[in-house]
$ cat final.txt   # compact mmCIF, C-alpha atoms and all ligand atoms
# COMPACT_ATOMS: atom_id res chain seq x y z
CA MET F 16 -2.19 -8.31 9.71
CA GLY F 17 0.41 -6.07 11.44
CA GLU F 18 2.10 -2.98 10.04
CA THR F 19 5.51 -3.29 8.42
CA VAL F 20 7.68 -1.10 10.61
CA ILE F 21 10.46 0.63 8.72
CA PRO F 22 12.93 2.81 10.67
CA LEU F 23 11.81 6.46 10.56
CA ALA F 24 15.01 7.70 8.97
CA ASP F 25 14.49 5.30 6.08
CA LEU F 26 10.87 6.31 5.66
CA ARG F 27 11.72 9.98 5.58
CA HIS F 28 14.09 9.39 2.73
CA ALA F 29 11.81 7.23 0.59
CA ALA F 30 11.47 9.54 -2.40
CA ALA F 31 12.05 9.49 -6.11
CA VAL F 32 13.16 12.48 -8.14
CA PRO F 33 10.18 13.42 -10.32
CA ARG F 34 10.57 13.20 -14.06
CA ILE F 35 10.74 16.43 -16.06
CA PRO F 36 8.81 16.02 -19.32
CA GLU F 37 10.93 16.35 -22.45
CA HIS F 38 8.81 19.25 -23.72
CA PRO F 39 7.52 20.99 -20.59
CA GLU F 40 4.31 22.98 -21.05
CA PRO F 41 3.35 25.91 -18.79
CA PRO F 42 0.65 25.07 -16.19
CA THR F 43 -2.96 25.79 -17.21
CA GLY F 44 -4.32 26.03 -13.67
CA LEU F 45 -6.48 22.99 -14.27
CA VAL F 46 -4.45 19.85 -13.63
CA ALA F 47 -6.52 16.79 -12.64
CA ASP F 48 -5.39 13.43 -11.29
CA ARG F 49 -6.42 10.01 -12.63
CA LEU F 50 -9.66 10.17 -10.63
CA GLY F 51 -10.49 13.63 -12.01
CA ARG F 52 -9.57 15.49 -8.79
CA PRO F 53 -8.09 19.01 -9.19
CA LEU F 54 -5.15 20.36 -7.17
CA ARG F 55 -6.45 23.10 -4.85
CA ASP F 56 -4.81 22.83 -1.45
CA LEU F 57 -1.12 22.67 -0.49
CA ARG F 58 -0.07 21.80 3.07
CA ILE F 59 3.47 22.80 3.85
CA SER F 60 5.36 21.25 6.75
CA VAL F 61 7.93 23.83 7.90
CA THR F 62 9.59 21.77 10.64
CA ASP F 63 9.58 18.18 11.86
CA ARG F 64 10.25 19.39 15.42
CA CYS F 65 7.65 19.81 18.12
CA ASN F 66 7.59 20.87 21.76
CA PHE F 67 4.67 18.44 22.43
CA ARG F 68 4.71 14.66 22.38
CA CYS F 69 1.03 13.96 21.69
CA THR F 70 0.61 10.25 22.19
CA TYR F 71 -1.22 9.83 18.87
CA CYS F 72 1.40 11.69 16.84
CA MET F 73 4.90 11.73 18.36
CA PRO F 74 4.89 9.21 21.21
CA LYS F 75 7.67 9.90 23.70
CA GLU F 76 9.00 6.35 23.56
CA VAL F 77 9.78 6.76 19.85
CA PHE F 78 10.61 10.48 19.69
CA ASP F 79 12.98 10.49 22.63
CA ARG F 80 16.27 12.26 23.28
CA ASP F 81 18.03 10.02 20.77
CA HIS F 82 15.68 10.85 17.92
CA ARG F 83 17.49 12.76 15.20
CA PHE F 84 15.44 15.54 13.68
CA LEU F 85 16.31 16.86 10.24
CA PRO F 86 19.43 19.03 10.09
CA HIS F 87 18.75 22.66 9.16
CA ALA F 88 20.49 22.41 5.78
CA SER F 89 18.05 19.79 4.59
CA LEU F 90 14.98 21.95 5.32
CA LEU F 91 13.57 23.97 2.45
CA SER F 92 14.44 27.65 2.89
CA PHE F 93 11.62 30.22 2.90
CA GLU F 94 12.62 31.23 -0.64
CA GLU F 95 12.44 27.60 -1.79
CA ILE F 96 9.05 27.12 -0.13
CA THR F 97 7.69 30.31 -1.72
CA ARG F 98 9.02 29.40 -5.15
CA THR F 99 7.45 25.94 -4.90
CA ALA F 100 4.15 27.35 -3.63
CA ARG F 101 4.05 29.78 -6.57
CA LEU F 102 4.33 26.84 -8.99
CA PHE F 103 1.51 25.01 -7.21
CA VAL F 104 -0.63 28.14 -7.43
CA ALA F 105 -0.06 28.11 -11.20
CA HIS F 106 -1.58 24.61 -11.19
CA GLY F 107 -4.73 25.79 -9.39
CA VAL F 108 -3.84 25.77 -5.69
CA ARG F 109 -5.89 28.37 -3.79
CA LYS F 110 -5.18 27.47 -0.19
CA LEU F 111 -1.84 27.18 1.60
CA ARG F 112 -1.66 25.69 5.08
CA LEU F 113 1.50 25.86 7.17
CA THR F 114 1.92 22.96 9.51
CA GLY F 115 4.51 20.57 10.93
CA GLY F 116 5.70 19.52 13.55
CA GLU F 117 4.93 22.73 15.36
CA PRO F 118 5.15 25.50 12.73
CA LEU F 119 5.58 28.29 15.28
CA LEU F 120 8.91 26.74 16.30
CA ARG F 121 10.39 27.63 12.90
CA LYS F 122 12.39 30.82 13.34
CA ASP F 123 10.86 33.95 11.68
CA ILE F 124 7.83 32.00 10.48
CA GLU F 125 6.05 35.33 10.05
CA SER F 126 8.47 36.27 7.29
CA LEU F 127 7.47 33.11 5.38
CA VAL F 128 3.83 34.06 5.91
CA ALA F 129 4.56 37.49 4.43
CA GLN F 130 6.23 35.95 1.36
CA LEU F 131 3.34 33.58 0.77
CA ALA F 132 0.76 36.30 1.35
CA ALA F 133 2.31 38.27 -1.51
CA LEU F 134 1.59 35.46 -4.02
CA ARG F 135 -1.31 35.94 -6.43
CA THR F 136 -3.29 33.66 -8.75
CA ALA F 137 -3.17 34.24 -12.53
CA GLU F 138 -6.38 36.30 -12.08
CA GLY F 139 -4.66 38.44 -9.44
CA ALA F 140 -6.52 37.01 -6.43
CA ALA F 141 -4.88 36.59 -3.02
CA LEU F 142 -4.61 33.09 -1.53
CA ASP F 143 -6.19 31.64 1.57
CA ILE F 144 -3.22 31.38 3.98
CA THR F 145 -3.76 29.35 7.12
CA LEU F 146 -1.69 27.68 9.83
CA THR F 147 -2.27 24.77 12.20
CA THR F 148 -0.64 25.04 15.62
CA ASN F 149 -0.69 23.44 19.04
CA GLY F 150 -1.20 26.96 20.37
CA SER F 151 1.69 26.90 22.83
CA LEU F 152 3.41 29.94 21.26
CA LEU F 153 0.34 31.61 19.85
CA GLU F 154 -0.13 34.21 22.56
CA ARG F 155 3.31 35.60 21.68
CA LYS F 156 3.02 35.25 17.91
CA ALA F 157 -0.60 35.95 16.93
CA GLY F 158 -0.19 39.70 16.30
CA ALA F 159 2.92 39.30 14.12
CA LEU F 160 1.34 36.47 12.13
CA ARG F 161 -1.77 38.51 11.45
CA ALA F 162 0.31 41.55 10.47
CA ALA F 163 2.32 39.36 8.06
CA GLY F 164 -0.86 38.37 6.23
CA LEU F 165 -2.02 35.14 7.87
CA GLY F 166 -5.73 34.77 7.10
CA ARG F 167 -6.83 32.08 9.50
CA VAL F 168 -5.54 29.75 12.17
CA THR F 169 -6.46 26.30 13.46
CA VAL F 170 -5.54 25.47 17.05
CA SER F 171 -5.36 21.88 18.28
CA ILE F 172 -6.89 21.36 21.70
CA ASP F 173 -7.72 17.87 22.89
CA ALA F 174 -9.26 18.61 26.31
CA LEU F 175 -10.47 21.39 28.55
CA ASP F 176 -9.53 19.57 31.72
CA ASP F 177 -5.91 20.42 32.52
CA THR F 178 -4.93 16.94 33.73
CA ILE F 179 -6.27 15.26 30.59
CA PHE F 180 -4.76 17.93 28.36
CA ARG F 181 -1.33 17.45 29.94
CA ARG F 182 -1.68 13.68 29.50
CA MET F 183 -2.51 14.08 25.80
CA ASN F 184 0.45 16.39 25.04
CA ASP F 185 2.65 14.29 27.35
CA VAL F 186 5.00 17.18 28.16
CA ASP F 187 2.87 18.55 31.01
CA PHE F 188 1.85 21.63 29.03
CA PRO F 189 -1.06 23.51 30.68
CA VAL F 190 -4.28 24.05 28.73
CA ALA F 191 -4.61 27.60 30.08
CA GLU F 192 -1.69 28.75 27.91
CA VAL F 193 -3.31 27.37 24.78
CA LEU F 194 -6.57 29.09 25.69
CA ARG F 195 -4.67 32.37 26.10
CA GLY F 196 -3.25 31.76 22.62
CA VAL F 197 -6.77 31.35 21.25
CA ASP F 198 -7.84 34.62 22.90
CA ALA F 199 -4.79 36.38 21.45
CA ALA F 200 -5.52 35.04 17.95
CA LEU F 201 -9.11 36.28 18.13
CA ALA F 202 -7.98 39.65 19.47
CA ALA F 203 -5.50 39.92 16.58
CA GLY F 204 -8.36 39.43 14.10
CA LEU F 205 -7.73 35.78 13.21
CA ALA F 206 -11.45 35.07 13.40
CA PRO F 207 -13.34 32.87 13.03
CA LEU F 208 -10.82 30.25 14.03
CA LYS F 209 -10.97 26.49 14.06
CA LEU F 210 -10.22 24.29 17.05
CA ASN F 211 -9.28 20.65 16.45
CA MET F 212 -9.92 17.93 19.00
CA VAL F 213 -8.59 14.44 18.23
CA VAL F 214 -10.87 12.05 20.08
CA LYS F 215 -9.36 8.89 21.54
CA ARG F 216 -11.85 6.53 23.11
CA GLY F 217 -11.01 5.92 26.75
CA THR F 218 -8.55 8.84 26.94
CA ASN F 219 -10.29 12.16 26.23
CA ASP F 220 -13.79 11.25 25.01
CA GLY F 221 -15.23 12.49 28.30
CA GLN F 222 -14.11 15.97 27.20
CA ILE F 223 -16.37 16.21 24.13
CA VAL F 224 -19.27 17.95 25.86
CA PRO F 225 -17.23 20.09 28.33
CA LEU F 226 -14.99 21.42 25.56
CA ALA F 227 -17.96 22.06 23.26
CA ARG F 228 -19.75 23.91 26.07
CA HIS F 229 -16.71 26.06 26.79
CA VAL F 230 -16.18 26.95 23.11
CA ARG F 231 -19.89 27.79 22.65
CA GLU F 232 -20.07 29.93 25.76
CA ARG F 233 -16.78 31.74 25.41
CA TYR F 234 -16.40 32.15 21.63
CA GLY F 235 -19.87 31.57 20.08
CA THR F 236 -19.67 31.95 16.30
CA ARG F 237 -16.03 33.12 16.44
CA ALA F 238 -14.71 29.56 16.75
CA VAL F 239 -15.66 26.22 15.19
CA LEU F 240 -14.77 23.13 17.18
CA ARG F 241 -14.00 20.12 15.00
CA PHE F 242 -13.83 16.57 16.25
CA ILE F 243 -11.27 14.42 14.46
CA GLU F 244 -11.34 10.65 14.42
CA TYR F 245 -8.07 9.21 15.68
CA MET F 246 -6.28 8.07 12.52
CA ASP F 247 -3.86 5.29 11.70
CA VAL F 248 -1.35 7.75 10.32
CA GLY F 249 2.35 6.83 10.53
CA THR F 250 3.63 3.65 12.11
CA SER F 251 4.69 4.73 15.59
CA ASN F 252 1.47 5.60 17.46
CA GLY F 253 0.29 2.01 17.96
CA TRP F 254 -3.12 2.86 16.46
CA ARG F 255 -5.99 0.50 17.27
CA MET F 256 -9.47 0.60 15.81
CA ASP F 257 -11.02 0.16 19.25
CA GLU F 258 -9.57 3.54 20.30
CA VAL F 259 -11.39 5.32 17.47
CA LEU F 260 -14.65 6.93 18.54
CA PRO F 261 -16.71 7.18 15.33
CA SER F 262 -17.98 10.69 14.53
CA ASP F 263 -21.59 9.46 14.62
CA GLU F 264 -21.06 8.54 18.26
CA VAL F 265 -19.36 11.87 19.02
CA ARG F 266 -22.32 13.67 17.45
CA ALA F 267 -24.82 11.57 19.39
CA ARG F 268 -23.10 12.55 22.65
CA LEU F 269 -23.20 16.22 21.66
CA ALA F 270 -26.80 15.99 20.51
CA ALA F 271 -27.75 14.66 23.95
CA ALA F 272 -26.52 17.95 25.43
CA PHE F 273 -27.36 20.48 22.68
CA ALA F 274 -29.85 20.54 19.78
CA LEU F 275 -27.93 20.30 16.48
CA GLU F 276 -28.87 20.92 12.84
CA PRO F 277 -26.90 19.84 9.74
CA LEU F 278 -25.34 22.46 7.46
CA ALA F 279 -24.60 22.15 3.74
CA PRO F 280 -20.92 21.90 2.75
CA THR F 281 -19.37 25.21 1.70
CA SER F 282 -16.89 23.81 -0.82
CA ALA F 283 -15.96 20.63 -2.67
CA GLY F 284 -13.20 18.69 -0.95
CA GLU F 285 -14.23 19.95 2.51
CA THR F 286 -13.00 17.49 5.12
CA ALA F 287 -15.48 18.30 7.90
CA GLU F 288 -19.19 17.57 8.05
CA ARG F 289 -20.69 20.78 9.42
CA TRP F 290 -23.48 21.11 12.01
CA ARG F 291 -24.76 24.09 13.97
CA TYR F 292 -26.33 24.59 17.34
CA ALA F 293 -30.06 25.10 16.79
CA ASP F 294 -30.04 28.08 19.19
CA GLY F 295 -27.49 29.94 17.02
CA GLY F 296 -24.66 29.27 19.48
CA GLY F 297 -22.14 28.44 16.75
CA GLU F 298 -20.94 25.59 14.60
CA VAL F 299 -19.16 22.25 15.03
CA GLY F 300 -17.48 19.92 12.53
CA PHE F 301 -16.80 16.20 12.32
CA ILE F 302 -13.80 14.85 10.45
CA SER F 303 -14.42 11.17 9.88
CA SER F 304 -11.45 9.97 7.91
CA VAL F 305 -11.71 6.49 9.42
CA THR F 306 -15.45 5.79 9.31
CA LYS F 307 -16.47 7.94 6.30
CA ALA F 308 -13.63 8.34 3.85
CA PHE F 309 -13.64 11.52 1.78
CA CYS F 310 -10.99 10.62 -0.80
CA ARG F 311 -13.35 11.19 -3.71
CA ASP F 312 -12.95 14.97 -3.47
CA CYS F 313 -9.44 15.06 -2.04
CA ASN F 314 -7.63 17.97 -3.67
CA ARG F 315 -4.75 18.21 -1.18
CA ALA F 316 -1.01 17.86 -1.76
CA ARG F 317 1.60 17.92 0.98
CA LEU F 318 5.11 19.29 0.90
CA SER F 319 7.35 17.77 3.56
CA THR F 320 9.88 19.72 5.61
CA GLU F 321 12.68 18.72 3.26
CA GLY F 322 10.78 19.34 0.05
CA LYS F 323 9.21 16.01 -0.77
CA LEU F 324 5.80 16.08 -2.36
CA PHE F 325 3.29 13.58 -0.95
CA LEU F 326 -0.05 13.00 -2.63
CA CYS F 327 -1.78 11.47 0.38
CA LEU F 328 -1.57 11.76 4.17
CA PHE F 329 -0.95 8.04 4.19
CA GLY F 330 1.72 8.18 1.51
CA THR F 331 4.61 5.78 1.50
CA GLN F 332 6.67 7.46 -1.20
CA GLY F 333 7.49 11.14 -1.75
CA HIS F 334 8.58 13.00 -4.87
CA ASP F 335 11.82 14.87 -4.28
CA LEU F 336 11.16 18.44 -5.40
CA ARG F 337 14.18 19.71 -3.46
CA ALA F 338 16.44 17.78 -5.84
CA LEU F 339 14.94 19.80 -8.70
CA LEU F 340 14.98 23.10 -6.78
CA ARG F 341 18.64 22.69 -5.86
CA GLY F 342 19.63 20.98 -9.11
CA GLY F 343 19.17 24.01 -11.36
CA ALA F 344 15.77 23.12 -12.88
CA SER F 345 13.77 26.06 -14.25
CA ASP F 346 10.31 27.09 -12.99
CA LEU F 347 8.82 25.70 -16.19
CA GLN F 348 10.53 22.35 -15.67
CA ILE F 349 9.58 22.04 -11.99
CA ALA F 350 5.98 23.06 -12.67
CA ALA F 351 5.78 20.49 -15.47
CA ALA F 352 7.22 17.80 -13.18
CA ILE F 353 4.63 18.66 -10.48
CA GLY F 354 1.84 18.53 -13.09
CA LEU F 355 2.98 15.12 -14.27
CA VAL F 356 3.13 13.71 -10.72
CA TRP F 357 -0.37 15.01 -9.93
CA SER F 358 -1.84 13.80 -13.23
CA GLU F 359 -0.70 10.26 -12.38
CA ARG F 360 -2.14 10.31 -8.83
CA THR F 361 -4.49 7.51 -7.84
CA ASP F 362 -4.28 7.73 -3.98
CA ARG F 363 -7.40 6.97 -1.95
CA TYR F 364 -6.04 5.32 1.14
CA SER F 365 -8.99 5.93 3.48
CA GLU F 366 -11.50 4.49 1.04
CA LEU F 367 -9.39 1.37 0.65
CA ARG F 368 -8.86 1.14 4.41
CA GLY F 369 -12.65 1.37 4.76
CA ALA F 370 -12.83 -1.83 2.74
CA ALA F 371 -10.29 -3.54 5.08
CA PRO F 372 -10.55 -1.70 8.42
CA THR F 373 -7.86 -3.63 10.27
CA GLY F 374 -5.20 -1.50 8.55
CA GLY F 375 -3.01 -1.85 5.51
CA SER F 376 0.37 -3.49 5.20
CA SER F 377 2.35 -0.63 3.70
CA PRO F 378 4.73 1.47 5.80
CA LYS F 379 3.47 5.06 6.07
CA VAL F 380 5.13 8.38 6.60
CA GLU F 381 4.80 10.10 10.01
CA MET F 382 2.30 12.95 10.47
CA HIS F 383 4.69 15.43 12.12
CA TYR F 384 7.03 15.08 9.13
CA ILE F 385 4.50 15.29 6.32
CA GLY F 386 2.23 17.81 8.08
CA GLY F 387 -1.38 17.27 9.20
N1 LIG P 401 1.63 20.80 15.77
C1 LIG P 401 0.50 21.36 15.11
C2 LIG P 401 -0.77 20.94 15.80
O1 LIG P 401 -0.75 20.02 16.61
O2 LIG P 401 -1.77 21.56 15.51
C3 LIG P 401 0.42 21.07 13.64
C4 LIG P 401 0.79 19.69 13.18
S1 LIG P 401 -0.29 18.38 13.70
C5 LIG P 401 0.47 17.00 12.97
C6 LIG P 401 -1.73 18.71 12.73
C7 LIG P 401 -3.02 18.09 13.20
O3 LIG P 401 -2.93 16.69 13.08
C8 LIG P 401 -3.36 18.37 14.65
O4 LIG P 401 -4.65 18.93 14.74
C9 LIG P 401 -3.31 17.00 15.29
O5 LIG P 401 -4.21 16.89 16.34
C10 LIG P 401 -3.64 16.09 14.14
N2 LIG P 401 -3.19 14.72 14.30
C11 LIG P 401 -1.92 14.28 14.56
N3 LIG P 401 -1.89 12.93 14.65
C12 LIG P 401 -3.17 12.51 14.45
C13 LIG P 401 -3.80 11.22 14.42
N4 LIG P 401 -3.12 10.10 14.61
N5 LIG P 401 -5.13 11.17 14.18
C14 LIG P 401 -5.85 12.30 13.97
N6 LIG P 401 -5.30 13.53 13.97
C15 LIG P 401 -3.99 13.64 14.22
FE1 LIG P 402 3.27 18.12 17.93
FE2 LIG P 402 1.06 18.66 16.62
FE3 LIG P 402 2.04 16.18 16.61
FE4 LIG P 402 1.03 17.12 18.86
S1 LIG P 402 -0.08 16.78 16.94
S2 LIG P 402 3.00 16.06 18.67
S3 LIG P 402 1.53 19.24 18.75
S4 LIG P 402 2.97 17.95 15.71
FE1 LIG P 403 -6.82 12.42 0.59
FE2 LIG P 403 -5.30 10.31 1.15
FE3 LIG P 403 -6.87 11.35 3.04
FE4 LIG P 403 -7.95 10.01 0.98
S1 LIG P 403 -6.62 9.17 2.57
S2 LIG P 403 -8.66 11.98 1.82
S3 LIG P 403 -6.54 10.60 -0.68
S4 LIG P 403 -5.12 12.39 2.04

$ encode --input "final.txt" --output "structure tokens"
Amino acid sequence: MGETVIPLADLRHAAAVPRIPEHPEPPTGLVADRLGRPLRDLRISVTDRCNFRCTYCMPKEVFDRDHRFLPHASLLSFEEITRTARLFVAHGVRKLRLTGGEPLLRKDIESLVAQLAALRTAEGAALDITLTTNGSLLERKAGALRAAGLGRVTVSIDALDDTIFRRMNDVDFPVAEVLRGVDAALAAGLAPLKLNMVVKRGTNDGQIVPLARHVRERYGTRAVLRFIEYMDVGTSNGWRMDEVLPSDEVRARLAAAFALEPLAPTSAGETAERWRYADGGGEVGFISSVTKAFCRDCNRARLSTEGKLFLCLFGTQGHDLRALLRGGASDLQIAAAIGLVWSERTDRYSELRGAAPTGGSSPKVEMHYIGG
């Protein structure tokens, strides 16, 4: 069965204003959804714009010159993002990830990082503040981001070979600049860092071993390369199951070149299966959201660029927090509305897709809008 394609503008605006309970209670830090999953991780999309056109995320044919990105006034301001993040922290969130679109395109992003880094849990602990980037502006920005309080960074890199890398980003961007960004991040103290490679069978799967070898030799334990299964996120990338290279196959190809040993997970809700090189040369991860769903422990919420809360990467409907933020609701009211939305959550898209792997029939929101 094919996907129902709904125009992007319509999809972006599919959101209901969340209900404020009649007698709002302050958050306890322990909200659980209907499947007993706590709220621990908030991903914040700070822009829907990007300077790349990765074929699996923002294909050029769809995101062309005529595509209308969100106007600035509809984006959450840094103050609105920080206020919202503070309310999520009161519900138990411990990790904030800035993403997009390309987050480093948002002007003065380091000042948002500084505001978020000043937040504390009820026990007075600092948060884990991270950012996912395509690395194109990282060489310039790494020092300022670190100084503002960024804890960690994840850099997407889909190939070591320049021709294949340029084909994946589809704007002819050279891989050497991204690698200089990685070096700058490490030099600024953003270590260890994560590198994400989305593997598309027939496009960049020949890069698995060369990229792993480069990362091992150049960075050792200072970088963890993670292989991500190409996902059926959004409706515009023309996803096909036969272009997914299952993680087990990726690992088999790596294991043919290097001896690997499994590692125990470090925390509940971890998306990557961790392995290490037997010779101590570092660590790799496998994110298998297509072939091995990990919804059972999913503790992640997503805040879109214009303030809509999504409970799943494959969400079809957001909850319009901006309407509450700009409509005069109090912190207590907004926090109670967030708690209610989370407590009613039942999302487990990947598990359900696993049961019917040809894809669902619901229209889904785009990755660059909701944040990866
Ligand atoms: N622009 C930044 C970047 O590329 O790192 C941040 C946003 S991007 C949407 C976040 C992550 O999602 C990236 O690592 C990207 O490779 C991944 N991603 C995007 N579309 C994907 C897809 N269809 N399947 C798997 N991963 C995808
Ligand atoms: Fe841009 Fe990141 Fe999407 Fe690539 S994956 S198009 S860099 S948002
Ligand atoms: Fe979480 Fe949705 Fe992904 Fe499952 S499919 S792990 S619920 S984001």

$ residues_around --input "final.txt" --residues "stretch 125-138 of chain F" --least-positions-apart "2" --cutoff "8 Å" --atoms "only C-alpha atoms" --output "list in words"
Phe93, Thr97, Ala100, Arg101, Val104, Ala105, Arg109, Asp123, Ala140, Ala141, Leu142, Ile144, Ala159, Leu160, Ala163, Gly164 and Leu165 of chain F

$ atom_distance --input "final.txt" --atom1 "atom CA of F:Ala351" --atom2 "atom CA of F:Pro42"
6.9 Å

$ closest_atom_pairs --input "final.txt" --of "stretch 291-328 of chain F" --to "stretch 338-345 of chain F" --cutoff "12 Å" --atoms "all atoms listed in the file" --output "CSV"
residue,atom,partner,partner_atom,distance
F:Glu321,CA,F:Ala338,CA,9.9
F:Gly322,CA,F:Ala338,CA,8.3
F:Lys323,CA,F:Ala338,CA,9.0
F:Leu324,CA,F:Ala338,CA,11.3

$ write_last_selection --input "final.txt" --atoms "C-alpha atoms" --output "PDB file, in the coordinates of the input"
ATOM      1  CA  GLU F 321      12.680  18.720   3.260  1.00  0.00           C
ATOM      2  CA  GLY F 322      10.780  19.340   0.050  1.00  0.00           C
ATOM      3  CA  LYS F 323       9.210  16.010  -0.770  1.00  0.00           C
ATOM      4  CA  LEU F 324       5.800  16.080  -2.360  1.00  0.00           C
TER       5      LEU F 324
END

$ residues_around --input "final.txt" --residues "F:Ile243" --least-positions-apart "4" --cutoff "9 Å" --atoms "only C-alpha atoms" --output "ChimeraX atom specification"
/F:211-214,262,287,300-304

$ residues_near_ligand --input "final.txt" --ligand "ligand LIG 401 (chain P)" --cutoff "8 Å" --atoms "only C-alpha atoms and all ligand atoms" --output "VMD selection string"
chain F and resid 65 67 69 71 to 73 114 to 118 146 to 150 169 to 173 211 to 214 243 to 249 252 254 382 to 387

$ atom_distance --input "final.txt" --atom1 "atom CA of F:Thr320" --atom2 "atom CA of F:Leu152"
19.8 Å

$ residues_near_point --input "final.txt" --point "(1.4, 28.0, 26.7)" --cutoff "6 Å" --atoms "all atoms listed in the file" --output "JSON list (two decimals) with C-alpha atoms, keeping the file's coordinate frame"
[["chain", "number", "residue", "atom", "x", "y", "z"],
["F", 151, "SER", "CA", 1.69, 26.90, 22.83],
["F", 192, "GLU", "CA", -1.69, 28.75, 27.91],
["F", 193, "VAL", "CA", -3.31, 27.37, 24.78]]

$ residues_around --input "final.txt" --residues "F:Glu288" --least-positions-apart "5" --cutoff "12 Å" --atoms "only C-alpha atoms" --output "VMD selection string"
chain F and resid 239 to 243 262 to 263 266 276 to 283 298 to 304 307 to 309
